[in-house]
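Asks: Quick one: the structure is below, questions incoming.
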Amino acid sequence: MVVRKRSTGALSLLLAGAGTLQVAASAQRWWPACRPGDFDTAACLRLQSHTYDFVVPSAPWVPVGHASVLAGLSLLLLGLAVTGLPLLLRPGRRPVLAWLLCAALGLSQLLAGVSTVASGLLGRAVGELGTPFVAFVLLGWPVALTLTSILMVGRVRRPAAGWLLLIVLLTASTPVVELFMAPIVTGYASYDTTPWSEAWGGACLLLASLAVWPAAYRRRRRPAPATARAPATTPAAGAALVGRP
């Protein structure tokens, strides 16, 4: 029980840290130029160009503050959290395949995090990872994460609603989902990158840090209260009671 609490707490802290850093990175780019209601100003329109995108950036790229470093650290924490997802499975039902799949998914985020941090520290885009890898991180990763969770859903502690909520939130934090959800949440359609789109992913990771707990623990049902039973009466005892004045 103690080990399970510690592992669950560690995963929760990793996700919370990843979400907080992602929101902070988004603020580095969009604040104060893109306050609510100022999305059409000249300063905000300039920042909406994809040349300011700081997650696994590619040339040409223009750094903005410490956004890339913060986003890279967020990816590193997320990679560690995803690698440890099998700890939420029931003891004795953590197959090697689950560890391998989550390790592969976590490694992709760790490599993306290293590339993003390096780009921020060097002030230029680091493109050694290659286009196929970047495409997987941005597009294929949410699909792979969803498929992995489906394979593992039968091994979680019942009920599985907490696990499903966790996976939905993790998938919702990915860039491809941000692309569609950010305009809906902000109510603004950009010509390129929607303002504060990265904050959406950070908020989902913060919620995922809370969803870890119901995913790891099953609610214990309270035992039904014992009902008092009336003492059984034999026919002879019943006749005796009837005969009393």
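Going by the structure tokens order, chains are called A, B, ..., each with residues numbered from 1, while ligands are numbered from 1 in the order shown.
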Please provide as a list of chain:residue names all residues within 7 Å of stretch 193-202 of chain A, with the sequence filter that same-chain residues fewer than 5 positions apart are discarded (counting only C-alpha atoms).
Replies: A:Gly19, A:Thr20, A:Gln22, A:Val23, A:Ser26, A:Trp30, A:Cys34, A:Gln48, A:Ser49, A:His50, A:Ala172, A:Ser173, A:Thr174, A:Glu178, A:Ala182, A:Pro183
Asks: Set the distance at 12 Å and use only C-alpha atoms: which residues neighbour A:Trp99 once local chain neighbours fewer than 6 positions away are removed? I'd like the list as a list in words.
Replies: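 In the requested format, the answer is Val82, Thr83, Gly84, Leu85, Pro86, Leu87, Leu88, Leu89, Arg93, Leu105, Gly106, Leu107, Thr148, Ser149, Leu151 and Met152 of chain A.
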Asks: Please dump the current selection as a CSV table (one decimal), in the first residue's frame; keep N, CA, C and O atoms.
Replies:
chain,number,residue,atom,x,y,z
A,82,VAL,N,4.8,9.1,-18.4
A,82,VAL,CA,4.2,8.1,-19.3
A,82,VAL,C,5.0,6.8,-19.1
A,82,VAL,O,4.4,5.7,-19.2
A,83,THR,N,6.3,6.8,-18.9
A,83,THR,CA,7.1,5.6,-18.7
A,83,THR,C,6.6,4.8,-17.5
A,83,THR,O,6.6,3.6,-17.5
A,84,GLY,N,6.1,5.5,-16.5
A,84,GLY,CA,5.7,4.9,-15.2
A,84,GLY,C,4.2,4.6,-15.2
A,84,GLY,O,3.7,4.1,-14.1
A,85,LEU,N,3.5,4.8,-16.3
A,85,LEU,CA,2.0,4.5,-16.3
A,85,LEU,C,1.7,3.0,-15.8
A,85,LEU,O,0.7,2.8,-15.2
A,86,PRO,N,2.5,2.0,-16.2
A,86,PRO,CA,2.2,0.6,-15.8
A,86,PRO,C,2.1,0.5,-14.3
A,86,PRO,O,1.6,-0.5,-13.8
A,87,LEU,N,2.7,1.4,-13.5
A,87,LEU,CA,2.6,1.3,-12.0
A,87,LEU,C,1.2,1.4,-11.6
A,87,LEU,O,0.8,1.0,-10.4
A,88,LEU,N,0.3,2.0,-12.4
A,88,LEU,CA,-1.1,2.1,-12.0
A,88,LEU,C,-1.9,0.8,-12.2
A,88,LEU,O,-3.1,0.7,-11.8
A,89,LEU,N,-1.3,-0.1,-12.9
A,89,LEU,CA,-2.0,-1.4,-13.1
A,89,LEU,C,-2.0,-2.2,-11.9
A,89,LEU,O,-1.2,-2.0,-11.0
A,93,ARG,N,-0.3,-7.9,-12.8
A,93,ARG,CA,-0.9,-7.8,-14.1
A,93,ARG,C,-0.2,-6.6,-14.8
A,93,ARG,O,-0.9,-5.8,-15.5
A,105,LEU,N,6.9,5.2,-25.7
A,105,LEU,CA,6.2,6.4,-25.7
A,105,LEU,C,6.9,7.5,-24.9
A,105,LEU,O,7.1,8.7,-25.3
A,106,GLY,N,7.4,7.1,-23.7
A,106,GLY,CA,8.1,8.0,-22.8
A,106,GLY,C,9.4,8.5,-23.4
A,106,GLY,O,9.8,9.6,-23.3
A,107,LEU,N,10.1,7.5,-24.1
A,107,LEU,CA,11.4,7.9,-24.7
A,107,LEU,C,11.2,8.9,-25.8
A,107,LEU,O,12.0,9.8,-26.0
A,148,THR,N,-2.3,2.1,-26.9
A,148,THR,CA,-1.6,1.5,-25.7
A,148,THR,C,-2.6,1.4,-24.5
A,148,THR,O,-2.6,0.4,-23.8
A,149,SER,N,-3.3,2.5,-24.3
A,149,SER,CA,-4.2,2.5,-23.1
A,149,SER,C,-5.4,1.5,-23.3
A,149,SER,O,-5.8,0.9,-22.4
A,151,LEU,N,-5.1,-1.4,-24.8
A,151,LEU,CA,-4.5,-2.7,-24.5
A,151,LEU,C,-4.4,-2.9,-23.0
A,151,LEU,O,-4.4,-4.1,-22.5
A,152,MET,N,-4.2,-1.9,-22.2
A,152,MET,CA,-4.0,-2.0,-20.8
A,152,MET,C,-5.2,-1.8,-20.0
A,152,MET,O,-5.2,-2.0,-18.8
Asks: Considering only C-alpha atoms, state which residue in the set A:Leu76, A:Gly17, A:Phe39, A:Thr8 is at the smallest distance from A:Ala189.
Replies: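 Smallest distance to A:Ala189 is found for A:Phe39.
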Asks: Hey, what's within 10 Å of A:Leu165 if we count only C-alpha atoms and toss same-chain stuff fewer than 6 positions away? As a PyMOL selection string, please?
Replies: chain A and resi 171+207-208+211-212+214-215
Asks: Suppose we keep N, CA and C atoms; can you now write the selection as a short mmCIF file (atom, residue, chain, number, x, y, z; two decimals), in the first residue's frame?
Replies:
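And here is the file that came out, result34.cif:
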data_model
loop_
_atom_site.label_atom_id
_atom_site.label_comp_id
_atom_site.auth_asym_id
_atom_site.auth_seq_id
_atom_site.Cartn_x
_atom_site.Cartn_y
_atom_site.Cartn_z
N THR A 171 -4.16 12.42 -23.76
CA THR A 171 -4.29 12.57 -25.21
C THR A 171 -4.70 13.98 -25.58
N LEU A 207 -4.99 18.59 -14.84
CA LEU A 207 -6.15 17.76 -14.51
C LEU A 207 -5.78 16.28 -14.47
N ALA A 208 -4.87 15.87 -15.37
CA ALA A 208 -4.43 14.48 -15.38
C ALA A 208 -3.70 14.12 -14.09
N ALA A 211 -6.35 13.06 -11.91
CA ALA A 211 -7.02 11.83 -12.35
C ALA A 211 -6.18 10.59 -12.06
N VAL A 212 -4.89 10.77 -11.76
CA VAL A 212 -4.04 9.62 -11.43
C VAL A 212 -4.57 8.87 -10.22
N PRO A 214 -7.83 8.46 -8.80
CA PRO A 214 -8.91 7.49 -9.04
C PRO A 214 -8.53 6.39 -10.01
N ALA A 215 -7.51 6.64 -10.86
CA ALA A 215 -7.06 5.59 -11.77
C ALA A 215 -6.29 4.50 -11.03
#
Asks: So that I can check the surroundings of A:Gly9, please list as a PyMOL selection string every protein, DNA and RNA residue that reaches within 9 Å of it, counting only C-alpha atoms and ignoring chain neighbours fewer than 4 positions away.
Replies: chain A and resi 4-5+13-14+209+212-213
Asks: Can you spit out the residues from that selection as a CSV table (one decimal), in the first residue's frame, using N, CA, C and O atoms?
Replies:
chain,number,residue,atom,x,y,z
A,4,ARG,N,2.5,1.7,-3.4
A,4,ARG,CA,1.5,2.2,-4.4
A,4,ARG,C,1.2,3.7,-4.2
A,4,ARG,O,1.1,4.4,-5.2
A,5,LYS,N,1.1,4.1,-3.0
A,5,LYS,CA,0.9,5.5,-2.7
A,5,LYS,C,2.0,6.4,-3.2
A,5,LYS,O,1.9,7.5,-3.8
A,13,LEU,N,2.9,14.1,-9.2
A,13,LEU,CA,3.8,15.3,-9.2
A,13,LEU,C,4.4,15.5,-10.6
A,13,LEU,O,4.6,16.7,-11.0
A,14,LEU,N,4.8,14.5,-11.3
A,14,LEU,CA,5.4,14.6,-12.6
A,14,LEU,C,4.4,15.3,-13.5
A,14,LEU,O,4.8,16.2,-14.3
A,209,SER,N,-3.0,15.1,-13.5
A,209,SER,CA,-2.3,14.8,-12.2
A,209,SER,C,-3.3,14.5,-11.1
A,209,SER,O,-2.9,13.8,-10.2
A,212,VAL,N,-4.9,10.8,-11.8
A,212,VAL,CA,-4.0,9.6,-11.4
A,212,VAL,C,-4.6,8.9,-10.2
A,212,VAL,O,-4.5,7.6,-10.2
A,213,TRP,N,-5.1,9.6,-9.2
A,213,TRP,CA,-5.5,8.9,-8.0
A,213,TRP,C,-6.7,8.0,-8.2
A,213,TRP,O,-6.7,6.9,-7.7
Asks: In Å, with one decimal, what is the gap from atom CA of A:Thr146 to atom CA of A:Ile167?
Replies: 7.0 Å
Asks: When DSSP is applied to the backbone of this structure, which of stretch 5-216 of chain A are assigned helix (DSSP H, G or I)? Write them out as a PyMOL selection string.
Replies: chain A and resi 5-30+42-47+50-52+67-83+85-88+96-122+131-155+161-172+175-186+197-216
